[in-house]
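Just work-v3.cif here, mmCIF, N, CA and C atoms:
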```
data_run
loop_
_atom_site.label_atom_id
_atom_site.label_comp_id
_atom_site.auth_asym_id
_atom_site.auth_seq_id
_atom_site.Cartn_x
_atom_site.Cartn_y
_atom_site.Cartn_z
N MET A 1 158.17 80.05 67.75
CA MET A 1 158.46 79.42 69.01
C MET A 1 158.50 80.47 70.12
N ALA A 2 157.60 80.44 71.03
CA ALA A 2 157.50 81.44 72.09
C ALA A 2 158.36 81.02 73.28
N ALA A 3 159.02 82.01 73.85
CA ALA A 3 159.85 81.75 75.02
C ALA A 3 158.98 81.77 76.28
N LYS A 4 159.41 81.01 77.26
CA LYS A 4 158.69 81.01 78.53
C LYS A 4 158.89 82.36 79.21
N GLU A 5 157.94 82.72 80.06
CA GLU A 5 158.02 84.00 80.75
C GLU A 5 159.16 84.05 81.76
N ASN A 6 159.60 82.89 82.25
CA ASN A 6 160.64 82.87 83.26
C ASN A 6 162.03 82.59 82.68
N GLU A 7 162.18 82.72 81.36
CA GLU A 7 163.46 82.53 80.69
C GLU A 7 163.67 83.58 79.61
N VAL A 8 164.92 84.00 79.44
CA VAL A 8 165.29 84.99 78.42
C VAL A 8 166.62 84.57 77.81
N ARG A 9 166.81 84.86 76.52
CA ARG A 9 168.10 84.59 75.88
C ARG A 9 169.19 85.42 76.55
N ILE A 10 170.35 84.83 76.73
CA ILE A 10 171.42 85.51 77.44
C ILE A 10 171.92 86.74 76.68
N ASP A 11 171.98 86.66 75.35
CA ASP A 11 172.47 87.81 74.58
C ASP A 11 171.53 89.01 74.73
N LYS A 12 170.22 88.75 74.75
CA LYS A 12 169.25 89.84 74.93
C LYS A 12 169.36 90.45 76.32
N TRP A 13 169.54 89.60 77.33
CA TRP A 13 169.63 90.09 78.70
C TRP A 13 170.91 90.91 78.90
N LEU A 14 172.04 90.44 78.37
CA LEU A 14 173.30 91.17 78.49
C LEU A 14 173.22 92.54 77.83
N TRP A 15 172.53 92.61 76.71
CA TRP A 15 172.34 93.89 76.01
C TRP A 15 171.36 94.78 76.78
N ALA A 16 170.25 94.21 77.22
CA ALA A 16 169.21 94.97 77.89
C ALA A 16 169.70 95.57 79.22
N THR A 17 170.58 94.85 79.91
CA THR A 17 171.09 95.34 81.19
C THR A 17 172.37 96.16 81.03
N ARG A 18 172.68 96.53 79.82
CA ARG A 18 173.76 97.46 79.49
C ARG A 18 175.16 96.93 79.79
N ILE A 19 175.31 95.62 79.82
CA ILE A 19 176.65 95.05 79.98
C ILE A 19 177.41 95.18 78.67
N PHE A 20 176.68 95.04 77.55
CA PHE A 20 177.25 95.27 76.23
C PHE A 20 176.48 96.37 75.52
N LYS A 21 177.19 97.13 74.70
CA LYS A 21 176.61 98.29 74.04
C LYS A 21 175.58 97.89 72.97
N THR A 22 175.85 96.79 72.26
CA THR A 22 174.91 96.32 71.25
C THR A 22 174.69 94.83 71.43
N ARG A 23 173.60 94.34 70.88
CA ARG A 23 173.32 92.91 70.97
C ARG A 23 174.31 92.13 70.12
N THR A 24 174.76 92.71 69.03
CA THR A 24 175.76 92.06 68.18
C THR A 24 177.04 91.82 68.95
N ILE A 25 177.47 92.78 69.74
CA ILE A 25 178.68 92.61 70.55
C ILE A 25 178.47 91.51 71.59
N ALA A 26 177.27 91.44 72.16
CA ALA A 26 176.95 90.39 73.13
C ALA A 26 177.03 89.02 72.49
N VAL A 27 176.51 88.89 71.27
CA VAL A 27 176.56 87.62 70.54
C VAL A 27 178.01 87.24 70.24
N GLU A 28 178.82 88.21 69.81
CA GLU A 28 180.24 87.95 69.52
C GLU A 28 180.97 87.48 70.77
N ALA A 29 180.69 88.10 71.91
CA ALA A 29 181.33 87.69 73.16
C ALA A 29 180.98 86.25 73.51
N CYS A 30 179.74 85.87 73.26
CA CYS A 30 179.33 84.48 73.50
C CYS A 30 180.07 83.53 72.56
N LYS A 31 180.17 83.91 71.28
CA LYS A 31 180.86 83.07 70.30
C LYS A 31 182.33 82.88 70.64
N LYS A 32 182.96 83.93 71.21
CA LYS A 32 184.37 83.88 71.54
C LYS A 32 184.63 83.21 72.90
N GLY A 33 183.57 82.77 73.57
CA GLY A 33 183.72 82.09 74.85
C GLY A 33 183.97 83.01 76.02
N ARG A 34 183.61 84.27 75.89
CA ARG A 34 183.84 85.23 76.96
C ARG A 34 182.69 85.31 77.95
N VAL A 35 181.59 84.65 77.65
CA VAL A 35 180.43 84.63 78.53
C VAL A 35 180.23 83.20 79.00
N SER A 36 180.12 83.02 80.32
CA SER A 36 179.97 81.66 80.84
C SER A 36 179.04 81.66 82.05
N ILE A 37 178.51 80.48 82.32
CA ILE A 37 177.70 80.24 83.51
C ILE A 37 178.30 79.01 84.17
N GLN A 38 178.66 79.13 85.43
CA GLN A 38 179.34 78.07 86.18
C GLN A 38 180.61 77.61 85.45
N ASN A 39 181.36 78.58 84.95
CA ASN A 39 182.62 78.36 84.23
C ASN A 39 182.49 77.52 82.97
N ILE A 40 181.28 77.46 82.40
CA ILE A 40 181.05 76.76 81.14
C ILE A 40 180.62 77.80 80.11
N PRO A 41 181.38 77.95 79.01
CA PRO A 41 180.99 78.93 77.98
C PRO A 41 179.60 78.62 77.43
N VAL A 42 178.84 79.67 77.17
CA VAL A 42 177.47 79.49 76.70
C VAL A 42 177.29 80.13 75.32
N LYS A 43 176.31 79.61 74.60
CA LYS A 43 175.93 80.19 73.31
C LYS A 43 174.99 81.36 73.55
N ALA A 44 174.88 82.21 72.54
CA ALA A 44 174.01 83.39 72.65
C ALA A 44 172.55 83.02 72.84
N SER A 45 172.17 81.85 72.38
CA SER A 45 170.77 81.43 72.47
C SER A 45 170.43 80.77 73.80
N ARG A 46 171.39 80.64 74.69
CA ARG A 46 171.17 79.99 75.99
C ARG A 46 170.13 80.78 76.78
N MET A 47 169.14 80.08 77.30
CA MET A 47 168.10 80.71 78.11
C MET A 47 168.59 80.79 79.55
N ILE A 48 168.40 81.95 80.16
CA ILE A 48 168.83 82.14 81.55
C ILE A 48 167.62 82.28 82.45
N LYS A 49 167.85 82.02 83.74
CA LYS A 49 166.79 82.11 84.73
C LYS A 49 167.24 83.01 85.88
N VAL A 50 166.29 83.46 86.67
CA VAL A 50 166.59 84.28 87.84
C VAL A 50 167.42 83.45 88.82
N GLY A 51 168.46 84.08 89.36
CA GLY A 51 169.31 83.42 90.34
C GLY A 51 170.63 82.91 89.78
N GLU A 52 170.73 82.79 88.45
CA GLU A 52 171.98 82.31 87.86
C GLU A 52 173.05 83.41 87.93
N VAL A 53 174.31 82.97 88.01
CA VAL A 53 175.44 83.90 88.02
C VAL A 53 176.16 83.78 86.68
N ILE A 54 176.28 84.92 86.01
CA ILE A 54 176.89 84.97 84.68
C ILE A 54 178.27 85.61 84.80
N GLN A 55 179.28 84.95 84.23
CA GLN A 55 180.63 85.52 84.20
C GLN A 55 180.87 86.10 82.81
N VAL A 56 181.35 87.33 82.77
CA VAL A 56 181.67 88.01 81.51
C VAL A 56 183.14 88.42 81.57
N ARG A 57 183.93 87.86 80.65
CA ARG A 57 185.36 88.16 80.62
C ARG A 57 185.61 89.33 79.68
N LYS A 58 186.04 90.44 80.27
CA LYS A 58 186.47 91.60 79.51
C LYS A 58 187.91 91.82 79.94
N PRO A 59 188.85 91.25 79.19
CA PRO A 59 190.25 91.23 79.64
C PRO A 59 190.70 92.58 80.14
N PRO A 60 191.42 92.59 81.23
CA PRO A 60 192.00 91.47 81.98
C PRO A 60 191.11 90.95 83.11
N VAL A 61 189.86 91.38 83.20
CA VAL A 61 189.00 91.07 84.34
C VAL A 61 187.83 90.19 83.92
N THR A 62 187.39 89.33 84.86
CA THR A 62 186.17 88.56 84.66
C THR A 62 185.13 89.09 85.64
N PHE A 63 184.10 89.73 85.10
CA PHE A 63 183.01 90.27 85.91
C PHE A 63 181.97 89.19 86.14
N SER A 64 181.32 89.22 87.31
CA SER A 64 180.25 88.26 87.63
C SER A 64 178.99 89.03 88.00
N PHE A 65 177.87 88.58 87.42
CA PHE A 65 176.59 89.23 87.67
C PHE A 65 175.55 88.19 88.04
N LYS A 66 174.82 88.46 89.11
CA LYS A 66 173.71 87.58 89.51
C LYS A 66 172.43 88.12 88.91
N VAL A 67 171.66 87.27 88.27
CA VAL A 67 170.41 87.66 87.62
C VAL A 67 169.33 87.81 88.69
N LEU A 68 168.80 89.04 88.84
CA LEU A 68 167.73 89.30 89.81
C LEU A 68 166.36 89.29 89.15
N ALA A 69 166.31 89.72 87.89
CA ALA A 69 165.06 89.75 87.14
C ALA A 69 165.38 89.62 85.66
N LEU A 70 164.38 89.26 84.88
CA LEU A 70 164.57 89.06 83.45
C LEU A 70 163.95 90.19 82.65
N THR A 71 164.59 90.51 81.53
CA THR A 71 164.06 91.52 80.62
C THR A 71 164.66 91.32 79.25
N GLU A 72 163.90 91.70 78.23
CA GLU A 72 164.40 91.68 76.85
C GLU A 72 164.50 93.09 76.29
N LYS A 73 164.03 94.07 77.06
CA LYS A 73 164.01 95.45 76.58
C LYS A 73 165.12 96.25 77.24
N ARG A 74 165.83 97.01 76.43
CA ARG A 74 166.93 97.84 76.94
C ARG A 74 166.37 98.90 77.88
N MET A 75 167.14 99.21 78.92
CA MET A 75 166.66 100.13 79.95
C MET A 75 167.68 101.21 80.22
N GLY A 76 167.27 102.20 80.95
CA GLY A 76 168.19 103.25 81.38
C GLY A 76 169.12 102.73 82.46
N ALA A 77 170.24 103.39 82.64
CA ALA A 77 171.25 102.94 83.59
C ALA A 77 170.73 102.91 85.03
N LYS A 78 169.80 103.79 85.36
CA LYS A 78 169.27 103.83 86.73
C LYS A 78 168.44 102.60 87.07
N ALA A 79 167.86 101.94 86.08
CA ALA A 79 167.01 100.78 86.32
C ALA A 79 167.80 99.47 86.39
N VAL A 80 169.04 99.48 85.97
CA VAL A 80 169.85 98.25 85.90
C VAL A 80 169.96 97.52 87.24
N PRO A 81 170.19 98.20 88.39
CA PRO A 81 170.33 97.46 89.66
C PRO A 81 169.13 96.59 90.04
N GLU A 82 167.96 96.85 89.47
CA GLU A 82 166.79 96.01 89.74
C GLU A 82 166.89 94.66 89.03
N TYR A 83 167.74 94.56 88.00
CA TYR A 83 167.81 93.36 87.19
C TYR A 83 169.07 92.53 87.40
N LEU A 84 170.12 93.13 87.97
CA LEU A 84 171.34 92.38 88.20
C LEU A 84 172.05 92.86 89.45
N GLU A 85 172.84 91.97 90.02
CA GLU A 85 173.68 92.31 91.17
C GLU A 85 175.12 91.99 90.77
N ASN A 86 175.99 92.96 90.93
CA ASN A 86 177.39 92.76 90.59
C ASN A 86 178.05 92.00 91.74
N VAL A 87 178.44 90.74 91.48
CA VAL A 87 179.07 89.91 92.50
C VAL A 87 180.53 89.62 92.14
N THR A 88 181.14 90.53 91.40
CA THR A 88 182.54 90.39 91.02
C THR A 88 183.40 90.43 92.27
N THR A 89 184.37 89.52 92.34
CA THR A 89 185.23 89.43 93.52
C THR A 89 186.20 90.61 93.56
N PRO A 90 186.59 91.04 94.77
CA PRO A 90 187.51 92.18 94.91
C PRO A 90 188.86 91.96 94.23
N ASP A 91 189.33 90.70 94.16
CA ASP A 91 190.62 90.46 93.51
C ASP A 91 190.58 90.81 92.03
N GLN A 92 189.42 90.69 91.39
CA GLN A 92 189.31 91.08 89.98
C GLN A 92 189.45 92.59 89.82
N TYR A 93 188.90 93.34 90.77
CA TYR A 93 189.04 94.80 90.72
C TYR A 93 190.48 95.22 90.99
N GLU A 94 191.19 94.44 91.83
CA GLU A 94 192.61 94.72 92.06
C GLU A 94 193.41 94.53 90.78
N ILE A 95 193.09 93.48 90.03
CA ILE A 95 193.75 93.23 88.74
C ILE A 95 193.49 94.40 87.79
N LEU A 96 192.25 94.87 87.77
CA LEU A 96 191.89 95.99 86.90
C LEU A 96 192.66 97.24 87.30
N GLU A 97 192.75 97.52 88.59
CA GLU A 97 193.46 98.71 89.05
C GLU A 97 194.95 98.61 88.74
N LEU A 98 195.54 97.44 88.95
CA LEU A 98 196.97 97.25 88.65
C LEU A 98 197.25 97.45 87.17
N SER A 99 196.38 96.94 86.33
CA SER A 99 196.60 97.08 84.89
C SER A 99 196.43 98.53 84.45
N ARG A 100 195.56 99.28 85.13
CA ARG A 100 195.42 100.71 84.81
C ARG A 100 196.67 101.48 85.22
N ILE A 101 197.20 101.13 86.39
CA ILE A 101 198.41 101.80 86.87
C ILE A 101 199.57 101.52 85.93
N ASN A 102 199.71 100.28 85.51
CA ASN A 102 200.80 99.91 84.63
C ASN A 102 200.62 100.44 83.21
N GLY A 103 199.42 100.79 82.85
CA GLY A 103 199.16 101.38 81.54
C GLY A 103 199.18 100.40 80.39
N PHE A 104 198.87 99.14 80.66
CA PHE A 104 198.92 98.15 79.59
C PHE A 104 197.56 97.89 78.95
N ILE A 105 196.53 98.61 79.35
CA ILE A 105 195.22 98.39 78.74
C ILE A 105 195.17 99.13 77.40
N ASN A 106 194.92 98.41 76.35
CA ASN A 106 194.75 98.95 75.00
C ASN A 106 195.91 99.89 74.60
N ARG A 107 197.12 99.57 75.02
CA ARG A 107 198.26 100.39 74.67
C ARG A 107 198.76 99.96 73.31
N ALA A 108 198.77 100.91 72.39
CA ALA A 108 199.24 100.62 71.04
C ALA A 108 200.75 100.42 71.05
N LYS A 109 201.22 99.49 70.26
CA LYS A 109 202.64 99.20 70.19
C LYS A 109 203.38 100.42 69.63
N GLY A 110 204.48 100.78 70.29
CA GLY A 110 205.27 101.91 69.83
C GLY A 110 204.92 103.22 70.51
N THR A 111 203.87 103.24 71.31
CA THR A 111 203.54 104.46 72.04
C THR A 111 204.06 104.33 73.46
N GLY A 112 204.10 105.41 74.17
CA GLY A 112 204.60 105.35 75.53
C GLY A 112 206.11 105.46 75.54
N ARG A 113 206.76 104.51 76.17
CA ARG A 113 208.22 104.54 76.24
C ARG A 113 208.79 104.40 74.84
N PRO A 114 209.93 105.06 74.59
CA PRO A 114 210.54 104.96 73.27
C PRO A 114 211.13 103.57 73.03
N THR A 115 211.18 103.18 71.78
CA THR A 115 211.81 101.92 71.42
C THR A 115 213.31 102.06 71.56
N LYS A 116 214.04 100.95 71.45
CA LYS A 116 215.50 101.00 71.55
C LYS A 116 216.09 101.89 70.47
N LYS A 117 215.55 101.77 69.25
CA LYS A 117 216.07 102.57 68.14
C LYS A 117 215.84 104.06 68.41
N GLU A 118 214.64 104.41 68.88
CA GLU A 118 214.34 105.80 69.18
C GLU A 118 215.25 106.32 70.30
N GLY A 119 215.55 105.49 71.28
CA GLY A 119 216.45 105.88 72.37
C GLY A 119 217.86 106.13 71.87
N ARG A 120 218.34 105.26 70.97
CA ARG A 120 219.68 105.45 70.39
C ARG A 120 219.73 106.73 69.58
N ASP A 121 218.68 106.97 68.79
CA ASP A 121 218.64 108.19 67.98
C ASP A 121 218.63 109.44 68.86
N LEU A 122 217.91 109.38 69.97
CA LEU A 122 217.85 110.51 70.89
C LEU A 122 219.22 110.76 71.53
N GLN A 123 219.88 109.69 71.96
CA GLN A 123 221.21 109.83 72.55
C GLN A 123 222.19 110.41 71.54
N LYS A 124 222.12 109.94 70.31
CA LYS A 124 223.01 110.43 69.24
C LYS A 124 222.76 111.92 69.00
N PHE A 125 221.50 112.33 69.00
CA PHE A 125 221.15 113.73 68.78
C PHE A 125 221.67 114.61 69.92
N LEU A 126 221.48 114.18 71.16
CA LEU A 126 221.91 114.96 72.31
C LEU A 126 223.43 115.03 72.43
N ALA A 127 224.13 114.00 71.97
CA ALA A 127 225.59 113.96 72.07
C ALA A 127 226.27 114.81 71.00
N SER A 128 225.60 115.08 69.91
CA SER A 128 226.22 115.83 68.82
C SER A 128 226.33 117.31 69.18
N ASP A 129 227.43 117.95 68.70
CA ASP A 129 227.67 119.37 68.98
C ASP A 129 226.80 120.28 68.13
N ASP A 130 226.43 119.80 66.97
CA ASP A 130 225.66 120.63 66.05
C ASP A 130 224.15 120.40 66.20
N ALA A 131 223.70 120.07 67.41
CA ALA A 131 222.28 119.84 67.65
C ALA A 131 221.48 121.12 67.41
N PHE A 132 222.10 122.27 67.74
CA PHE A 132 221.44 123.54 67.52
C PHE A 132 222.28 124.35 66.54
N ASP A 133 221.65 125.02 65.61
CA ASP A 133 222.41 125.77 64.62
C ASP A 133 222.36 127.27 64.89
N PHE A 134 222.27 127.66 66.16
CA PHE A 134 222.32 129.07 66.53
C PHE A 134 223.09 129.19 67.84
N ASP A 135 223.58 130.41 68.11
CA ASP A 135 224.35 130.65 69.32
C ASP A 135 223.48 131.35 70.35
N PHE A 136 223.72 131.03 71.62
CA PHE A 136 223.04 131.72 72.70
C PHE A 136 223.82 132.97 73.11
N GLU A 137 225.07 133.09 72.66
CA GLU A 137 225.94 134.19 73.07
C GLU A 137 225.58 135.50 72.41
N ASP A 138 224.92 135.48 71.27
CA ASP A 138 224.59 136.70 70.54
C ASP A 138 223.30 137.35 71.00
N ASP A 139 222.76 136.94 72.14
CA ASP A 139 221.47 137.43 72.61
C ASP A 139 221.50 138.90 73.03
N GLU A 140 222.71 139.46 73.36
CA GLU A 140 222.74 140.85 73.81
C GLU A 140 222.48 141.83 72.67
N ASP A 141 222.50 141.40 71.42
CA ASP A 141 222.23 142.26 70.29
C ASP A 141 220.75 142.61 70.18
N TYR A 142 219.91 141.84 70.82
CA TYR A 142 218.47 142.04 70.69
C TYR A 142 217.93 142.75 71.92
N ASP A 143 217.12 143.79 71.69
CA ASP A 143 216.46 144.49 72.80
C ASP A 143 215.07 143.92 72.98
N CYS A 144 214.77 143.52 74.19
CA CYS A 144 213.46 142.94 74.47
C CYS A 144 212.60 143.90 75.22
#
```
As structure tokens - that is how I would like this structure written.
Amino acid sequence: MAAKENEVRIDKWLWATRIFKTRTIAVEACKKGRVSIQNIPVKASRMIKVGEVIQVRKPPVTFSFKVLALTEKRMGAKAVPEYLENVTTPDQYEILELSRINGFINRAKGTGRPTKKEGRDLQKFLASDDAFDFDFEDDEDYDC
């Protein structure tokens, strides 16, 4: 079954224009409902046309791209602007910046601020008199 010259599968286009690193990741994003056209989730096999606006949700932001040209072949980063126009709204970039400032992007649980238990253990350690097992008063015995 041959595709028309004025249509391309969305998963191939997303991969070719470097929005996703691999075509498999592009297909997975479609399956998970992260790729949509006119706020309707699309399948990986959906054919796209020039002029359509594609929304790609990469939490916490939804990026929007207008299709300027079609391609099935992966290209270098310098050629990408010929095939798509980034029409993401400024408020989405504000959300991205705020989440970067807050440090909640891909933050593993337990890293960063200490847990309550770790805080209690730290306070207990600092409050104890035997935190250090050496004296600072005997320093005059050593010649530096």
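Put simply, atom C of Trp15 in chain A is 9.9 Å away from CA of Val80 in chain A.
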**OP:** To one decimal in Å, tell me the separation between CA of Thr89 in chain A and CA of Thr22 in chain A.
**Re:** 25.5 Å
Subject >> From A:Leu84, A:Trp13, A:Leu98, A:Pro41, residue lying nearest Gln55 in chain A [only C-alpha atoms] >> reply: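 Nearest to Gln55 in chain A: A:Pro41.
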Subject >> Atom-to-atom span, CA of Thr88 in chain A and CA of Arg74 in chain A, Å >> reply: 22.3 Å
Original post:
Taking all atoms listed in the file into account, which of A:Ile48, A:Glu72, A:Asp11, A:Lys78 comes nearest Ile25 in chain A?
Top reply: A:Asp11
**OP:** For Glu7 in chain A, list every protein, DNA or RNA residue within 8 Å, evaluated using all atoms listed in the file, and leave out those in the same chain fewer than 6 positions away; present the list as an NGL selection string.
**Re:** :A and (46-50 or 70-71)
Selection near Asn86 in chain A, 7 Å with all atoms listed in the file, sequence-local residues under 6 positions removed, as an mmCIF file with N, CA and C atoms, keeping the file's coordinate frame:
```cif
data_model
loop_
_atom_site.group_PDB
_atom_site.id
_atom_site.type_symbol
_atom_site.label_atom_id
_atom_site.label_comp_id
_atom_site.auth_asym_id
_atom_site.auth_seq_id
_atom_site.Cartn_x
_atom_site.Cartn_y
_atom_site.Cartn_z
ATOM 1 N N SER A 64 181.320 89.220 87.310
ATOM 2 C CA SER A 64 180.250 88.260 87.630
ATOM 3 C C SER A 64 178.990 89.030 88.000
ATOM 4 N N PHE A 65 177.870 88.580 87.420
ATOM 5 C CA PHE A 65 176.590 89.230 87.670
ATOM 6 C C PHE A 65 175.550 88.190 88.040
ATOM 7 N N LYS A 66 174.820 88.460 89.110
ATOM 8 C CA LYS A 66 173.710 87.580 89.510
ATOM 9 C C LYS A 66 172.430 88.120 88.910
#
```
Original post:
So which residues of range 36-115 of chain A fall under strand (DSSP E or B) by DSSP, listed as a PyMOL selection string?
Top reply: chain A and resi 36-37+40-41+47-48+53-58+61-67+84-86
**OP:** Write out as a VMD selection string the residues lying within 7 Å of Ile95 in chain A, counting all atoms listed in the file and excluding same-chain residues fewer than 4 positions away.
**Re:** chain A and resid 60 to 61 90 to 91 99 to 100
What would the file look like if the residues just selected were written as an mmCIF file, keeping the file's coordinate frame with N, CA and C atoms?
```cif
data_model
loop_
_atom_site.group_PDB
_atom_site.id
_atom_site.type_symbol
_atom_site.label_atom_id
_atom_site.label_comp_id
_atom_site.auth_asym_id
_atom_site.auth_seq_id
_atom_site.Cartn_x
_atom_site.Cartn_y
_atom_site.Cartn_z
ATOM 1 N N PRO A 60 191.420 92.590 81.230
ATOM 2 C CA PRO A 60 192.000 91.470 81.980
ATOM 3 C C PRO A 60 191.110 90.950 83.110
ATOM 4 N N VAL A 61 189.860 91.380 83.200
ATOM 5 C CA VAL A 61 189.000 91.070 84.340
ATOM 6 C C VAL A 61 187.830 90.190 83.920
ATOM 7 N N PRO A 90 186.590 91.040 94.770
ATOM 8 C CA PRO A 90 187.510 92.180 94.910
ATOM 9 C C PRO A 90 188.860 91.960 94.230
ATOM 10 N N ASP A 91 189.330 90.700 94.160
ATOM 11 C CA ASP A 91 190.620 90.460 93.510
ATOM 12 C C ASP A 91 190.580 90.810 92.030
ATOM 13 N N SER A 99 196.380 96.940 86.330
ATOM 14 C CA SER A 99 196.600 97.080 84.890
ATOM 15 C C SER A 99 196.430 98.530 84.450
ATOM 16 N N ARG A 100 195.560 99.280 85.130
ATOM 17 C CA ARG A 100 195.420 100.710 84.810
ATOM 18 C C ARG A 100 196.670 101.480 85.220
#
```
**OP:** For Glu82 in chain A, list every protein, DNA or RNA residue within 7 Å, evaluated using all atoms listed in the file, and leave out those in the same chain fewer than 3 positions away; present the list as number ranges by chain.
**Re:** A: 68-69, 78-79, 85
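With all atoms listed in the file as the basis for measurement, A:Ser45 is the residue among A:Gln38, A:Gln123, A:Thr62, A:Ser45 that approaches Lys12 in chain A most closely.
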Original post:
Where in range 9-79 of chain A does DSSP assign helix (DSSP H, G or I), given as a count of residues only?
Top reply: 19
**OP:** Report the residues retrieved by the PyMOL selection byres ((chain A and resi 36) around 6.5) from the displayed file, expressed as number ranges by chain.
**Re:** A: 33-35, 37-42, 53-57
